[in-house]
Amino acid sequence: MPQLDDSEFPPARHALLVHGPARIVEWTDPLTDAREATDVVGACFEHDTDRVLLDEAVLPPAFFALRTRFAGEFLEKLQTYRLRAAVVVSPAADHGERFAEYLREARQGRYCRFLDSREEALAWLARE
């Protein structure tokens with residue numbers, strides 16, 4: 001019987017969560033480039049969902065430095081495909097004054113919302 005060579009398959013970069021009626025892609029692999037938003041979109045299409053969960057642990061420092069435009073380019077791509085993205089950012093985290101200003105506005109977004117905890121993020125994503 002032939003053996004499957006696992007080295008041919010890259011490790012999964014995301015997980016599929018089911019929270020109530022919602023199917024949610026949780027991105028688990030560290031992001032390094034805003035163009036990886038395309039990978040996130042692809043994972044959502046693969047699982048037939050329009051919801052994605054991102055934790056600050058997978059986001060690079062460039063995401064929090066607004067001058068790099070990483071966050072804007074990344075989140076704009078998700079919004080272009082009408083994905084609802086919940087980004088969990090600890091309220092205790094210090095990502096600088098400029099990002100804190102951005103964060104105050106982004107906590108009420110329609111397609112992308114920044115939340116304090118994973119539980120809040122999952123609850124928001126599970127809403128219709």
# chains A, B, ... in the order shown; residues from 1 in each chain; ligands from 1

call {"tool": "residues_around", "arguments": {"residues": "stretch 108-115 of chain A", "least_positions_apart": "5", "cutoff": "8 Å", "atoms": "only C-alpha atoms", "output": "number ranges by chain"}}
result
A: 75, 79, 82-90, 103, 120-121

call {"tool": "write_last_selection", "arguments": {"atoms": "C-alpha atoms", "output": "tab-separated table (two decimals), in the first residue's frame"}}
result
chain	number	residue	atom	x	y	z
A	75	LEU	CA	-8.37	45.04	5.32
A	79	GLN	CA	-13.79	44.32	2.39
A	82	ARG	CA	-17.36	41.57	1.46
A	83	LEU	CA	-15.76	39.47	4.16
A	84	ARG	CA	-16.62	40.26	7.76
A	85	ALA	CA	-13.36	40.35	9.68
A	86	ALA	CA	-13.04	40.40	13.45
A	87	VAL	CA	-9.61	41.39	14.72
A	88	VAL	CA	-8.84	40.62	18.36
A	89	VAL	CA	-6.54	43.22	19.89
A	90	SER	CA	-5.88	43.23	23.62
A	103	LEU	CA	-8.61	51.59	16.88
A	120	GLU	CA	-16.58	39.00	21.62
A	121	ALA	CA	-15.18	38.45	18.14

call {"tool": "select_by_dssp", "arguments": {"residues": "stretch 9-92 of chain A", "states": "strand (DSSP E)", "output": "list of chain:residue names"}}
result
A:His14, A:Ala15, A:Leu16, A:Leu17, A:Val18, A:His19, A:Ala22, A:Arg23, A:Ile24, A:Val25, A:Glu26, A:Trp27, A:Arg51, A:Val52, A:Leu53, A:Leu54, A:Asp55, A:Arg84, A:Ala85, A:Ala86, A:Val87, A:Val88

call {"tool": "closest_residue", "arguments": {"among": "A:Ala100, A:Leu78, A:Leu66, A:Ala57", "to": "A:Asp29", "atoms": "only C-alpha atoms"}}
result
A:Ala57

call {"tool": "residues_around", "arguments": {"residues": "A:Thr68", "least_positions_apart": "5", "cutoff": "12 Å", "atoms": "only C-alpha atoms", "output": "PyMOL selection string"}}
result
chain A and resi 33-34+60-63+73-74+99

call {"tool": "closest_residue", "arguments": {"among": "A:Trp124, A:Phe64, A:Trp27, A:Phe45", "to": "A:Arg98", "atoms": "only C-alpha atoms"}}
result
A:Phe64

call {"tool": "closest_residue", "arguments": {"among": "A:Ala106, A:Ala93, A:Ala126, A:Ala15", "to": "A:Asp50", "atoms": "only C-alpha atoms"}}
result
A:Ala126

call {"tool": "decode", "arguments": {"residues": "stretch 11-53 of chain A", "atoms": "N, CA and C atoms", "output": "PDB file, in the first residue's frame"}}
result
ATOM      1  N   PRO A  11       1.655  22.904   5.816  1.00  0.00           N
ATOM      2  CA  PRO A  11       0.773  22.886   6.986  1.00  0.00           C
ATOM      3  C   PRO A  11      -0.390  23.867   6.785  1.00  0.00           C
ATOM      4  N   ALA A  12      -1.500  23.581   7.398  1.00  0.00           N
ATOM      5  CA  ALA A  12      -2.670  24.452   7.284  1.00  0.00           C
ATOM      6  C   ALA A  12      -2.358  25.819   7.876  1.00  0.00           C
ATOM      7  N   ARG A  13      -2.825  26.839   7.198  1.00  0.00           N
ATOM      8  CA  ARG A  13      -2.603  28.211   7.653  1.00  0.00           C
ATOM      9  C   ARG A  13      -3.842  28.778   8.340  1.00  0.00           C
ATOM     10  N   HIS A  14      -4.887  27.961   8.392  1.00  0.00           N
ATOM     11  CA  HIS A  14      -6.136  28.423   8.981  1.00  0.00           C
ATOM     12  C   HIS A  14      -6.917  27.235   9.539  1.00  0.00           C
ATOM     13  N   ALA A  15      -7.940  27.567  10.310  1.00  0.00           N
ATOM     14  CA  ALA A  15      -8.840  26.551  10.852  1.00  0.00           C
ATOM     15  C   ALA A  15     -10.270  26.998  10.577  1.00  0.00           C
ATOM     16  N   LEU A  16     -11.160  26.044  10.444  1.00  0.00           N
ATOM     17  CA  LEU A  16     -12.572  26.356  10.265  1.00  0.00           C
ATOM     18  C   LEU A  16     -13.274  26.170  11.607  1.00  0.00           C
ATOM     19  N   LEU A  17     -13.947  27.217  12.049  1.00  0.00           N
ATOM     20  CA  LEU A  17     -14.701  27.175  13.299  1.00  0.00           C
ATOM     21  C   LEU A  17     -16.186  27.223  12.970  1.00  0.00           C
ATOM     22  N   VAL A  18     -16.977  26.531  13.756  1.00  0.00           N
ATOM     23  CA  VAL A  18     -18.430  26.639  13.647  1.00  0.00           C
ATOM     24  C   VAL A  18     -18.900  27.201  14.982  1.00  0.00           C
ATOM     25  N   HIS A  19     -19.492  28.379  14.910  1.00  0.00           N
ATOM     26  CA  HIS A  19     -19.960  29.071  16.116  1.00  0.00           C
ATOM     27  C   HIS A  19     -21.422  29.411  15.897  1.00  0.00           C
ATOM     28  N   GLY A  20     -22.300  28.639  16.526  1.00  0.00           N
ATOM     29  CA  GLY A  20     -23.728  28.803  16.258  1.00  0.00           C
ATOM     30  C   GLY A  20     -23.975  28.509  14.789  1.00  0.00           C
ATOM     31  N   PRO A  21     -24.686  29.396  14.110  1.00  0.00           N
ATOM     32  CA  PRO A  21     -24.973  29.173  12.693  1.00  0.00           C
ATOM     33  C   PRO A  21     -23.825  29.585  11.766  1.00  0.00           C
ATOM     34  N   ALA A  22     -22.794  30.199  12.319  1.00  0.00           N
ATOM     35  CA  ALA A  22     -21.733  30.778  11.491  1.00  0.00           C
ATOM     36  C   ALA A  22     -20.557  29.839  11.280  1.00  0.00           C
ATOM     37  N   ARG A  23     -20.048  29.846  10.060  1.00  0.00           N
ATOM     38  CA  ARG A  23     -18.791  29.179   9.717  1.00  0.00           C
ATOM     39  C   ARG A  23     -17.752  30.286   9.621  1.00  0.00           C
ATOM     40  N   ILE A  24     -16.663  30.134  10.358  1.00  0.00           N
ATOM     41  CA  ILE A  24     -15.669  31.199  10.484  1.00  0.00           C
ATOM     42  C   ILE A  24     -14.282  30.631  10.200  1.00  0.00           C
ATOM     43  N   VAL A  25     -13.545  31.305   9.331  1.00  0.00           N
ATOM     44  CA  VAL A  25     -12.157  30.945   9.096  1.00  0.00           C
ATOM     45  C   VAL A  25     -11.304  31.703  10.109  1.00  0.00           C
ATOM     46  N   GLU A  26     -10.546  30.970  10.896  1.00  0.00           N
ATOM     47  CA  GLU A  26      -9.598  31.596  11.817  1.00  0.00           C
ATOM     48  C   GLU A  26      -8.212  31.460  11.200  1.00  0.00           C
ATOM     49  N   TRP A  27      -7.582  32.588  10.925  1.00  0.00           N
ATOM     50  CA  TRP A  27      -6.238  32.571  10.348  1.00  0.00           C
ATOM     51  C   TRP A  27      -5.250  32.315  11.468  1.00  0.00           C
ATOM     52  N   THR A  28      -4.426  31.279  11.334  1.00  0.00           N
ATOM     53  CA  THR A  28      -3.538  30.869  12.422  1.00  0.00           C
ATOM     54  C   THR A  28      -2.059  31.038  12.116  1.00  0.00           C
ATOM     55  N   ASP A  29      -1.732  31.352  10.874  1.00  0.00           N
ATOM     56  CA  ASP A  29      -0.341  31.465  10.447  1.00  0.00           C
ATOM     57  C   ASP A  29       0.085  32.929  10.474  1.00  0.00           C
ATOM     58  N   PRO A  30       1.266  33.233  10.978  1.00  0.00           N
ATOM     59  CA  PRO A  30       1.701  34.630  10.984  1.00  0.00           C
ATOM     60  C   PRO A  30       1.697  35.225   9.569  1.00  0.00           C
ATOM     61  N   LEU A  31       1.155  36.419   9.465  1.00  0.00           N
ATOM     62  CA  LEU A  31       1.116  37.147   8.193  1.00  0.00           C
ATOM     63  C   LEU A  31       2.359  38.009   8.092  1.00  0.00           C
ATOM     64  N   THR A  32       2.901  38.115   6.896  1.00  0.00           N
ATOM     65  CA  THR A  32       4.111  38.918   6.711  1.00  0.00           C
ATOM     66  C   THR A  32       3.955  39.985   5.638  1.00  0.00           C
ATOM     67  N   ASP A  33       2.928  39.867   4.809  1.00  0.00           N
ATOM     68  CA  ASP A  33       2.760  40.773   3.680  1.00  0.00           C
ATOM     69  C   ASP A  33       1.278  41.037   3.461  1.00  0.00           C
ATOM     70  N   ALA A  34       0.910  42.260   3.157  1.00  0.00           N
ATOM     71  CA  ALA A  34      -0.496  42.614   2.949  1.00  0.00           C
ATOM     72  C   ALA A  34      -1.113  41.814   1.805  1.00  0.00           C
ATOM     73  N   ARG A  35      -0.288  41.378   0.872  1.00  0.00           N
ATOM     74  CA  ARG A  35      -0.812  40.591  -0.254  1.00  0.00           C
ATOM     75  C   ARG A  35      -1.344  39.228   0.182  1.00  0.00           C
ATOM     76  N   GLU A  36      -1.003  38.807   1.395  1.00  0.00           N
ATOM     77  CA  GLU A  36      -1.523  37.537   1.908  1.00  0.00           C
ATOM     78  C   GLU A  36      -3.025  37.609   2.191  1.00  0.00           C
ATOM     79  N   ALA A  37      -3.597  38.787   2.093  1.00  0.00           N
ATOM     80  CA  ALA A  37      -5.055  38.909   2.219  1.00  0.00           C
ATOM     81  C   ALA A  37      -5.725  38.032   1.177  1.00  0.00           C
ATOM     82  N   THR A  38      -5.093  37.865   0.030  1.00  0.00           N
ATOM     83  CA  THR A  38      -5.626  37.001  -1.022  1.00  0.00           C
ATOM     84  C   THR A  38      -5.727  35.558  -0.525  1.00  0.00           C
ATOM     85  N   ASP A  39      -4.765  35.115   0.273  1.00  0.00           N
ATOM     86  CA  ASP A  39      -4.809  33.770   0.845  1.00  0.00           C
ATOM     87  C   ASP A  39      -5.983  33.627   1.819  1.00  0.00           C
ATOM     88  N   VAL A  40      -6.230  34.677   2.597  1.00  0.00           N
ATOM     89  CA  VAL A  40      -7.339  34.671   3.542  1.00  0.00           C
ATOM     90  C   VAL A  40      -8.664  34.601   2.776  1.00  0.00           C
ATOM     91  N   VAL A  41      -8.791  35.405   1.725  1.00  0.00           N
ATOM     92  CA  VAL A  41      -9.993  35.382   0.883  1.00  0.00           C
ATOM     93  C   VAL A  41     -10.190  33.979   0.308  1.00  0.00           C
ATOM     94  N   GLY A  42      -9.118  33.378  -0.199  1.00  0.00           N
ATOM     95  CA  GLY A  42      -9.190  32.035  -0.763  1.00  0.00           C
ATOM     96  C   GLY A  42      -9.651  31.004   0.250  1.00  0.00           C
ATOM     97  N   ALA A  43      -9.171  31.120   1.485  1.00  0.00           N
ATOM     98  CA  ALA A  43      -9.587  30.183   2.532  1.00  0.00           C
ATOM     99  C   ALA A  43     -11.076  30.337   2.821  1.00  0.00           C
ATOM    100  N   CYS A  44     -11.560  31.568   2.815  1.00  0.00           N
ATOM    101  CA  CYS A  44     -12.994  31.788   3.039  1.00  0.00           C
ATOM    102  C   CYS A  44     -13.814  31.188   1.900  1.00  0.00           C
ATOM    103  N   PHE A  45     -13.373  31.386   0.669  1.00  0.00           N
ATOM    104  CA  PHE A  45     -14.069  30.792  -0.477  1.00  0.00           C
ATOM    105  C   PHE A  45     -14.053  29.272  -0.389  1.00  0.00           C
ATOM    106  N   GLU A  46     -12.901  28.721   0.004  1.00  0.00           N
ATOM    107  CA  GLU A  46     -12.757  27.267   0.119  1.00  0.00           C
ATOM    108  C   GLU A  46     -13.788  26.681   1.085  1.00  0.00           C
ATOM    109  N   HIS A  47     -14.089  27.418   2.146  1.00  0.00           N
ATOM    110  CA  HIS A  47     -15.010  26.931   3.174  1.00  0.00           C
ATOM    111  C   HIS A  47     -16.405  27.552   3.058  1.00  0.00           C
ATOM    112  N   ASP A  48     -16.650  28.249   1.970  1.00  0.00           N
ATOM    113  CA  ASP A  48     -17.959  28.844   1.698  1.00  0.00           C
ATOM    114  C   ASP A  48     -18.456  29.699   2.864  1.00  0.00           C
ATOM    115  N   THR A  49     -17.604  30.629   3.271  1.00  0.00           N
ATOM    116  CA  THR A  49     -17.976  31.543   4.353  1.00  0.00           C
ATOM    117  C   THR A  49     -17.488  32.949   4.024  1.00  0.00           C
ATOM    118  N   ASP A  50     -18.083  33.916   4.675  1.00  0.00           N
ATOM    119  CA  ASP A  50     -17.671  35.304   4.489  1.00  0.00           C
ATOM    120  C   ASP A  50     -17.191  35.914   5.801  1.00  0.00           C
ATOM    121  N   ARG A  51     -16.738  35.071   6.720  1.00  0.00           N
ATOM    122  CA  ARG A  51     -16.326  35.532   8.046  1.00  0.00           C
ATOM    123  C   ARG A  51     -14.922  35.032   8.387  1.00  0.00           C
ATOM    124  N   VAL A  52     -14.129  35.963   8.913  1.00  0.00           N
ATOM    125  CA  VAL A  52     -12.746  35.603   9.249  1.00  0.00           C
ATOM    126  C   VAL A  52     -12.375  36.207  10.600  1.00  0.00           C
ATOM    127  N   LEU A  53     -11.622  35.430  11.365  1.00  0.00           N
ATOM    128  CA  LEU A  53     -11.144  35.837  12.681  1.00  0.00           C
ATOM    129  C   LEU A  53      -9.627  35.957  12.627  1.00  0.00           C
TER     130      LEU A  53
END
